[in-house]
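Just data.pdb here, PDB, C-alpha atoms:
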MODEL        1
ATOM      1  CA  MET A 247      16.470   4.920 -11.746
ATOM      2  CA  LYS A 248      19.200   2.991 -13.590
ATOM      3  CA  ARG A 249      19.280   0.496 -10.728
ATOM      4  CA  LEU A 250      15.510  -0.134 -10.954
ATOM      5  CA  LEU A 251      15.686  -0.521 -14.731
ATOM      6  CA  GLY A 252      18.545  -2.977 -14.300
ATOM      7  CA  VAL A 253      16.421  -5.018 -11.883
ATOM      8  CA  GLY A 254      13.612  -5.095 -14.452
ATOM      9  CA  LEU A 255      15.907  -6.228 -17.275
ATOM     10  CA  LEU A 256      17.452  -8.914 -15.058
ATOM     11  CA  SER A 257      13.992 -10.150 -14.094
ATOM     12  CA  LEU A 258      13.012 -10.260 -17.766
ATOM     13  CA  GLY A 259      16.041 -12.406 -18.561
ATOM     14  CA  LEU A 260      15.301 -14.821 -15.711
ATOM     15  CA  LEU A 261      11.661 -15.128 -16.743
ATOM     16  CA  ALA A 262      12.593 -15.770 -20.362
ATOM     17  CA  GLN A 263      15.098 -18.442 -19.300
ATOM     18  CA  ALA A 264      12.552 -20.107 -17.041
ATOM     19  CA  ARG A 265       9.977 -20.066 -19.827
ATOM     20  CA  GLY A 266      12.415 -21.748 -22.187
ATOM     21  CA  GLN A 267      13.262 -24.454 -19.663
ATOM     22  CA  ALA A 268       9.599 -25.059 -18.906
ATOM     23  CA  GLY A 269       8.818 -25.363 -22.606
ATOM     24  CA  THR A 270      11.639 -27.881 -23.112
ATOM     25  CA  ALA A 271      10.613 -30.015 -20.131
ATOM     26  CA  GLU A 272       6.939 -30.109 -20.960
ATOM     27  CA  GLN A 273       6.119 -29.063 -24.513
ATOM     28  CA  PRO A 274       7.540 -26.460 -26.907
ATOM     29  CA  ASP A 275       4.345 -24.504 -27.445
ATOM     30  CA  LEU A 276       0.714 -24.675 -26.538
ATOM     31  CA  PRO A 277      -1.678 -25.290 -29.423
ATOM     32  CA  ILE A 278      -3.700 -22.196 -30.201
ATOM     33  CA  ALA A 279      -6.896 -23.956 -29.090
ATOM     34  CA  ASP A 280      -5.378 -24.711 -25.668
ATOM     35  CA  ALA A 281      -3.804 -21.277 -25.074
ATOM     36  CA  PRO A 282      -5.075 -19.161 -22.171
ATOM     37  CA  ARG A 283      -8.037 -17.035 -23.291
ATOM     38  CA  ARG A 284      -6.984 -13.824 -21.556
ATOM     39  CA  THR A 285      -8.117 -10.412 -22.770
ATOM     40  CA  TRP A 286      -7.248  -8.085 -19.847
ATOM     41  CA  GLY A 287      -4.056  -7.064 -18.115
ATOM     42  CA  LEU A 288      -3.641  -5.107 -14.859
ATOM     43  CA  SER A 289      -0.198  -3.779 -13.913
ATOM     44  CA  VAL A 290       1.773  -1.258 -11.834
ATOM     45  CA  ASP A 291       4.726   0.767 -13.186
ATOM     46  CA  TRP A 292       7.536   0.951 -10.608
ATOM     47  CA  LEU A 293       9.765   3.759 -11.916
ATOM     48  CA  PRO A 294       7.213   6.577 -11.266
ATOM     49  CA  LEU A 295       7.488   5.793  -7.551
ATOM     50  CA  LEU A 296      10.776   7.717  -7.644
ATOM     51  CA  ALA A 297       8.711  10.844  -8.402
ATOM     52  CA  SER A 298       5.977  10.053  -5.818
ATOM     53  CA  GLY A 299       3.834   8.825  -8.715
ATOM     54  CA  TYR A 300       1.479   5.843  -8.867
ATOM     55  CA  HIS A 301       0.725   4.527 -12.370
ATOM     56  CA  PHE A 302      -1.863   1.759 -12.773
ATOM     57  CA  SER A 303      -2.315   0.327 -16.276
ATOM     58  CA  LEU A 304      -5.328  -1.498 -17.716
ATOM     59  CA  GLU A 305      -4.716  -3.353 -20.999
ATOM     60  CA  ARG A 306      -7.545  -4.636 -23.199
ATOM     61  CA  SER A 307      -7.166  -6.933 -26.193
ATOM     62  CA  LEU A 308      -8.842  -5.790 -29.422
ATOM     63  CA  GLY A 309     -10.606  -8.448 -31.471
ATOM     64  CA  GLY A 310     -11.162 -10.881 -28.598
ATOM     65  CA  PRO A 311      -8.805 -13.561 -27.213
ATOM     66  CA  GLY A 312      -5.743 -14.075 -29.363
ATOM     67  CA  GLY A 313      -5.831 -10.537 -30.771
ATOM     68  CA  ARG A 314      -2.398  -8.993 -31.378
ATOM     69  CA  GLN A 315      -3.518  -5.386 -30.898
ATOM     70  CA  THR A 316      -4.401  -3.868 -27.524
ATOM     71  CA  VAL A 317      -5.336  -0.569 -25.904
ATOM     72  CA  VAL A 318      -3.689   0.462 -22.618
ATOM     73  CA  LEU A 319      -5.108   3.138 -20.284
ATOM     74  CA  THR A 320      -2.897   4.380 -17.441
ATOM     75  CA  PRO A 321      -4.464   6.558 -14.715
ATOM     76  CA  GLN A 322      -1.807   8.391 -12.689
ATOM     77  CA  VAL A 323      -1.793   9.859  -9.182
ATOM     78  CA  TYR A 324       1.050  11.910  -7.639
ATOM     79  CA  ARG A 325       1.331  12.635  -3.949
ATOM     80  CA  GLY A 326       4.412  12.918  -1.737
ATOM     81  CA  PRO A 327       7.818  14.566  -1.353
ATOM     82  CA  VAL A 328       9.943  15.901  -4.208
ATOM     83  CA  GLY A 329      13.100  13.776  -4.331
ATOM     84  CA  GLU A 330      16.619  14.478  -5.551
ATOM     85  CA  LEU A 331      16.340  11.794  -8.252
ATOM     86  CA  THR A 332      13.424  13.698  -9.781
ATOM     87  CA  SER A 333      14.224  17.367  -9.364
ATOM     88  CA  ASP A 334      17.181  19.646  -8.685
ATOM     89  CA  ARG A 335      14.790  21.755  -6.594
ATOM     90  CA  HIS A 336      14.073  19.934  -3.323
ATOM     91  CA  GLU A 337      14.365  20.706   0.385
ATOM     92  CA  GLY A 338      13.996  17.366   2.170
ATOM     93  CA  SER A 339      10.313  16.786   2.893
ATOM     94  CA  ALA A 340       9.422  20.497   2.603
ATOM     95  CA  ASP A 341       8.822  20.403  -1.182
ATOM     96  CA  ARG A 342       5.832  18.275  -2.078
ATOM     97  CA  VAL A 343       3.895  17.319  -5.189
ATOM     98  CA  ARG A 344       0.251  16.537  -5.812
ATOM     99  CA  GLY A 345      -1.227  15.718  -9.189
ATOM    100  CA  PHE A 346      -2.977  13.402 -11.583
ATOM    101  CA  GLY A 347      -2.766  12.286 -15.187
ATOM    102  CA  LEU A 348      -3.945   9.874 -17.852
ATOM    103  CA  ALA A 349      -2.054   8.105 -20.638
ATOM    104  CA  ALA A 350      -3.542   6.130 -23.545
ATOM    105  CA  GLN A 351      -1.565   3.729 -25.730
ATOM    106  CA  HIS A 352      -2.228   1.580 -28.812
ATOM    107  CA  ARG A 353      -0.045  -1.534 -28.996
ATOM    108  CA  PHE A 354       0.853  -3.857 -31.860
ATOM    109  CA  TYR A 355       2.324  -7.179 -30.724
ATOM    110  CA  LEU A 356       4.810  -8.389 -33.330
ATOM    111  CA  GLY A 357       4.601 -11.882 -34.798
ATOM    112  CA  SER A 358       2.258 -14.646 -33.692
ATOM    113  CA  SER A 359       2.067 -16.220 -30.256
ATOM    114  CA  PRO A 360      -0.208 -18.799 -28.600
ATOM    115  CA  ILE A 361      -0.097 -16.656 -25.436
ATOM    116  CA  PRO A 362      -2.237 -13.494 -25.663
ATOM    117  CA  LEU A 363      -0.896 -10.154 -24.420
ATOM    118  CA  ALA A 364       2.684 -11.407 -24.574
ATOM    119  CA  GLY A 365       5.773 -10.876 -26.710
ATOM    120  CA  THR A 366       7.561  -7.926 -28.269
ATOM    121  CA  TYR A 367       5.381  -4.934 -29.125
ATOM    122  CA  LEU A 368       5.491  -1.511 -30.761
ATOM    123  CA  ALA A 369       3.207   1.176 -29.339
ATOM    124  CA  TYR A 370       2.329   4.846 -29.622
ATOM    125  CA  GLY A 371       0.412   6.966 -27.155
ATOM    126  CA  LEU A 372      -0.667  10.316 -25.713
ATOM    127  CA  ALA A 373      -0.575  11.585 -22.132
ATOM    128  CA  TYR A 374      -1.754  14.502 -19.989
ATOM    129  CA  GLN A 375      -0.476  15.389 -16.491
ATOM    130  CA  HIS A 376      -1.371  18.087 -13.963
ATOM    131  CA  PHE A 377       0.943  18.903 -11.039
ATOM    132  CA  ARG A 378       0.797  21.249  -8.070
ATOM    133  CA  LEU A 379       4.128  21.795  -6.291
ATOM    134  CA  ASP A 380       4.307  23.312  -2.796
ATOM    135  CA  PHE A 381       7.755  24.554  -1.800
ATOM    136  CA  GLN A 382       9.683  27.300  -0.032
ATOM    137  CA  ALA A 383      11.774  29.915  -1.829
ATOM    138  CA  PRO A 384      12.829  33.536  -1.220
ATOM    139  CA  SER A 385      10.732  36.298  -2.762
ATOM    140  CA  TRP A 386       9.698  39.929  -2.312
ATOM    141  CA  GLN A 387       6.321  40.449  -0.666
ATOM    142  CA  PRO A 388       4.584  43.536   0.743
ATOM    143  CA  GLU A 389       4.158  43.483   4.518
ATOM    144  CA  LEU A 390       2.384  45.941   6.808
ATOM    145  CA  ALA A 391       4.776  47.283   9.457
ATOM    146  CA  ALA A 392       3.973  48.510  12.980
ATOM    147  CA  ASP A 393       4.130  52.147  11.822
ATOM    148  CA  GLY A 394       1.223  51.518   9.448
ATOM    149  CA  LEU A 395       3.332  51.648   6.303
ATOM    150  CA  THR A 396       3.795  48.826   3.792
ATOM    151  CA  TYR A 397       7.326  47.630   3.127
ATOM    152  CA  TYR A 398       8.633  44.987   0.739
ATOM    153  CA  GLN A 399      10.487  42.197   2.544
ATOM    154  CA  TYR A 400      12.741  39.596   0.898
ATOM    155  CA  SER A 401      12.614  36.255   2.752
ATOM    156  CA  PHE A 402      11.751  32.559   2.461
ATOM    157  CA  ARG A 403       8.041  32.002   2.023
ATOM    158  CA  ASN A 404       5.611  29.273   1.036
ATOM    159  CA  GLN A 405       5.349  29.152  -2.757
ATOM    160  CA  THR A 406       3.369  27.151  -5.313
ATOM    161  CA  GLU A 407       3.801  26.112  -8.921
ATOM    162  CA  THR A 408       1.081  24.577 -11.096
ATOM    163  CA  ILE A 409       2.077  22.638 -14.216
ATOM    164  CA  ASP A 410       0.058  21.198 -17.087
ATOM    165  CA  ARG A 411       1.958  18.852 -19.388
ATOM    166  CA  TYR A 412       1.025  17.096 -22.638
ATOM    167  CA  GLY A 413       3.078  14.476 -24.439
ATOM    168  CA  ALA A 414       3.305  11.816 -27.152
ATOM    169  CA  THR A 415       5.426   8.668 -27.127
ATOM    170  CA  LEU A 416       6.628   5.850 -29.365
ATOM    171  CA  VAL A 417       7.950   2.828 -27.470
ATOM    172  CA  LEU A 418       9.298  -0.674 -28.021
ATOM    173  CA  GLY A 419       8.643  -3.184 -25.266
ATOM    174  CA  HIS A 420       8.504  -6.826 -24.318
ATOM    175  CA  GLN A 421       5.918  -8.480 -22.115
ATOM    176  CA  VAL A 422       6.495 -11.993 -20.744
ATOM    177  CA  GLU A 423       4.481 -14.193 -18.387
ATOM    178  CA  THR A 424       5.964 -16.316 -15.636
ATOM    179  CA  PRO A 425       5.646 -20.036 -16.576
ATOM    180  CA  GLY A 426       2.363 -21.581 -15.490
ATOM    181  CA  SER A 427       0.855 -18.409 -14.040
ATOM    182  CA  PRO A 428      -0.941 -15.244 -15.204
ATOM    183  CA  PHE A 429       1.690 -12.895 -13.698
ATOM    184  CA  PHE A 430       3.832 -10.937 -16.144
ATOM    185  CA  LEU A 431       6.701  -8.482 -16.505
ATOM    186  CA  ASP A 432       6.582  -5.646 -19.048
ATOM    187  CA  VAL A 433       9.801  -3.738 -19.895
ATOM    188  CA  PHE A 434       9.789  -0.816 -22.360
ATOM    189  CA  LEU A 435      11.953   1.985 -23.773
ATOM    190  CA  GLY A 436      11.152   4.624 -26.376
ATOM    191  CA  LEU A 437      11.171   8.224 -27.553
ATOM    192  CA  GLY A 438       8.849  10.991 -26.389
ATOM    193  CA  LEU A 439       8.059  14.652 -26.885
ATOM    194  CA  ARG A 440       6.141  16.850 -24.459
ATOM    195  CA  GLN A 441       5.065  20.442 -23.877
ATOM    196  CA  ALA A 442       4.391  22.101 -20.535
ATOM    197  CA  THR A 443       2.850  25.301 -19.202
ATOM    198  CA  SER A 444       3.589  26.638 -15.716
ATOM    199  CA  ARG A 445       2.090  29.173 -13.300
ATOM    200  CA  THR A 446       4.150  30.015 -10.237
ATOM    201  CA  THR A 447       4.364  32.549  -7.415
ATOM    202  CA  VAL A 448       8.085  33.144  -8.098
ATOM    203  CA  PRO A 449       9.538  34.783 -11.234
ATOM    204  CA  THR A 450      10.650  31.567 -12.981
ATOM    205  CA  SER A 451       9.713  27.894 -13.014
ATOM    206  CA  GLN A 452      11.464  25.883 -10.297
ATOM    207  CA  PHE A 453      10.726  22.391 -11.642
ATOM    208  CA  ALA A 454      11.995  22.213 -15.221
ATOM    209  CA  ASN A 455      15.718  21.626 -14.776
ATOM    210  CA  THR A 456      16.129  17.930 -15.647
ATOM    211  CA  SER A 457      14.422  15.499 -18.035
ATOM    212  CA  SER A 458      12.778  13.751 -15.062
ATOM    213  CA  ASP A 459      11.435  16.981 -13.535
ATOM    214  CA  TYR A 460       7.703  17.700 -13.383
ATOM    215  CA  GLY A 461       7.821  20.744 -15.650
ATOM    216  CA  HIS A 462      10.280  19.401 -18.231
ATOM    217  CA  ALA A 463       9.369  20.008 -21.882
ATOM    218  CA  GLY A 464      11.021  18.712 -25.051
ATOM    219  CA  ALA A 465      12.411  15.319 -26.032
ATOM    220  CA  TYR A 466      12.881  12.566 -23.443
ATOM    221  CA  LEU A 467      13.244   8.782 -23.106
ATOM    222  CA  PRO A 468      10.136   7.076 -21.693
ATOM    223  CA  MET A 469      11.189   3.877 -19.936
ATOM    224  CA  GLY A 470      10.003   1.593 -17.195
ATOM    225  CA  PHE A 471       8.968  -1.840 -16.084
ATOM    226  CA  ARG A 472       5.559  -3.025 -15.018
ATOM    227  CA  LEU A 473       4.530  -6.022 -12.941
ATOM    228  CA  GLY A 474       1.009  -7.260 -13.440
ATOM    229  CA  LEU A 475      -1.661  -9.909 -13.796
ATOM    230  CA  HIS A 476      -3.484 -11.201 -16.896
ATOM    231  CA  LEU A 477      -7.199 -11.958 -16.639
TER     232      LEU A 477
ENDMDL
END
Rewrite the structure of this file - the entire thing - as C-alpha cells.
Amino acid sequence: MKRLLGVGLLSLGLLAQARGQAGTAEQPDLPIADAPRRTWGLSVDWLPLLASGYHFSLERSLGGPGGRQTVVLTPQVYRGPVGELTSDRHEGSADRVRGFGLAAQHRFYLGSSPIPLAGTYLAYGLAYQHFRLDFQAPSWQPELAADGLTYYQYSFRNQTETIDRYGATLVLGHQVETPGSPFFLDVFLGLGLRQATSRTTVPTSQFANTSSDYGHAGAYLPMGFRLGLHL
C-alpha cells in the first residue's frame, strides 16, 4: 500500500513539474474565457485493488463550468481473494470476498484556477459498504453418525461472515491534469470514522483485526490516488 501511494505522489510531482515547464514555454496561464469548459470527471481509485475492490468515481461540477464546488459519487464493487495486505485472516485463495458500496463526497476547491476540477481541495463525505466473506475455520457442528445418534464434531468447515459498514470522512487532496490533455491524477489523505456490524457462523468476527480489514470499525486514514479523465 505504501509503495502504491509512493507511486502516486511521485506521479503527482512529475505532472506538476511538467505543467510548470509547459506554462513557462507557452504561456503562464490560460485566460478564463479560453479555459477548458469541463464539468465532469471519471476516475478509478487504485488502492482498493489491494482488497479486491473496484472503485469508480464520477465527479460533477456545481454551478456550471468554472465552479469550484463539486459532488463525487463512488460506486464500489468487491470480488476476489482476501489478501495478506488487507486482512490477517486469509488462506491463499480459499478466503474470498464479495460486496458492494457507495460513497458520496462534497468538494471545495481552494483558490481560483482557470482549469476546472483541478487544484487543492477540501472534502467531506459519507459511505456505506456491504461485504460477504467466505472462508474456512474450525467449529463445532452436529453430525449424524452411522449408529443413528447425533454427535458434535470439531473440524474445518466452510464459514461465512456478513458485514455492513458505515463511515464519514474529511480529506485533503490535490487534483492535477497532464499538460495539454484531459487526463488527471488525484491524490488524497484524510481522517475517517466508521462503524460496522457483523453476522458470522463462528463465535467471533474474523475480519476486524487491522485498519484495512473489511470489518474494521473506529478511526482510520482514508488515502488513495485516482487516475481519470475530464469531460
Top pick for closest residue to Pro468 of chain A, considering A:Arg353, A:Arg440, A:Arg378, A:Arg411 and counting all atoms listed in the file: A:Arg440
Selection: 7 Å around segment 324-331 of chain A, all atoms listed in the file, excl. self and same-chain fewer than 5 positions, as JSON, numbers by chain: {"A": [296, 297, 298, 299, 300, 336, 339, 341, 342, 343, 344, 345, 346]}
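What the PyMOL selection byres ((chain A and resi 351) around 7) grabs from this file is Val317, Val318, Leu319, Ala349, Ala350, His352, Arg353, Ala369, Tyr370, Gly371 and Leu372 of chain A.
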Please produce an output containing C-alpha atoms for each residue in the selection, written as a compact mmCIF listing (two decimals), in the coordinates of the input.
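Below you can see again_8.txt, which holds the result:
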# COMPACT_ATOMS: atom_id res chain seq x y z
CA VAL A 317 -5.34 -0.57 -25.90
CA VAL A 318 -3.69 0.46 -22.62
CA LEU A 319 -5.11 3.14 -20.28
CA ALA A 349 -2.05 8.10 -20.64
CA ALA A 350 -3.54 6.13 -23.54
CA HIS A 352 -2.23 1.58 -28.81
CA ARG A 353 -0.04 -1.53 -29.00
CA ALA A 369 3.21 1.18 -29.34
CA TYR A 370 2.33 4.85 -29.62
CA GLY A 371 0.41 6.97 -27.16
CA LEU A 372 -0.67 10.32 -25.71
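In this comparison, which uses only C-alpha atoms, the residue of A:Thr366, A:Phe429, A:Trp386, A:Gly438 approaching Ser457 of chain A most closely is A:Gly438.
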Distance query Leu308 of chain A at most 12 Å, all atoms listed in the file, self and fewer than 6 positions along chain excluded, as a VMD selection string: chain A and resid 284 to 286 314 to 318 352 to 355 362 to 363
Any chance you can output those residues with C-alpha atoms as an mmCIF file, in the coordinates of the input?
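The result, stored in result38.cif:
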data_model
loop_
_atom_site.group_PDB
_atom_site.id
_atom_site.type_symbol
_atom_site.label_atom_id
_atom_site.label_comp_id
_atom_site.auth_asym_id
_atom_site.auth_seq_id
_atom_site.Cartn_x
_atom_site.Cartn_y
_atom_site.Cartn_z
ATOM 1 C CA ARG A 284 -6.984 -13.824 -21.556
ATOM 2 C CA THR A 285 -8.117 -10.412 -22.770
ATOM 3 C CA TRP A 286 -7.248 -8.085 -19.847
ATOM 4 C CA ARG A 314 -2.398 -8.993 -31.378
ATOM 5 C CA GLN A 315 -3.518 -5.386 -30.898
ATOM 6 C CA THR A 316 -4.401 -3.868 -27.524
ATOM 7 C CA VAL A 317 -5.336 -0.569 -25.904
ATOM 8 C CA VAL A 318 -3.689 0.462 -22.618
ATOM 9 C CA HIS A 352 -2.228 1.580 -28.812
ATOM 10 C CA ARG A 353 -0.045 -1.534 -28.996
ATOM 11 C CA PHE A 354 0.853 -3.857 -31.860
ATOM 12 C CA TYR A 355 2.324 -7.179 -30.724
ATOM 13 C CA PRO A 362 -2.237 -13.494 -25.663
ATOM 14 C CA LEU A 363 -0.896 -10.154 -24.420
#
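For segment 474-476 of chain A, the set of protein, DNA and RNA residues having any atom at most 7 Å away, when counting only C-alpha atoms and skipping those fewer than 4 positions along the same chain, is Arg284, Trp286, Gly287, Leu288, Ser289, Val290, Pro428, Phe429, Phe430 and Leu431 of chain A.
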Separation of atom CA of Trp292 of chain A from atom CA of Ile409 of chain A in Å: 22.7 Å
Contacts of Tyr412 of chain A within 6 Å, all atoms listed in the file, excl. fewer than 5 positions in-chain, as an NGL selection string: :A and (373-374 or 440-441)
Near-Asp459 of chain A list (6 Å; all atoms listed in the file; drop same-chain fewer than 5 positions) as a PyMOL selection string: chain A and resi 332-333+453-454
Neighbours of point (5.1, -2.6, -14.5) within 12 Å, using all atoms listed in the file, written as a VMD selection string: chain A and resid 250 to 251 253 to 255 257 to 258 287 to 295 300 to 305 320 419 to 422 429 to 434 469 to 475
Separation of atom CA of Ala383 of chain A from atom CA of Gln399 of chain A in Å: 13.1 Å
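If only C-alpha atoms are the atoms counted, then among A:Gln405, A:Ser359, A:Gln322, A:Ser427 the closest residue to Phe381 of chain A is A:Gln405.
What separates atom CA of Leu416 of chain A from atom CA of Ala465 of chain A is a distance of 11.6 Å.
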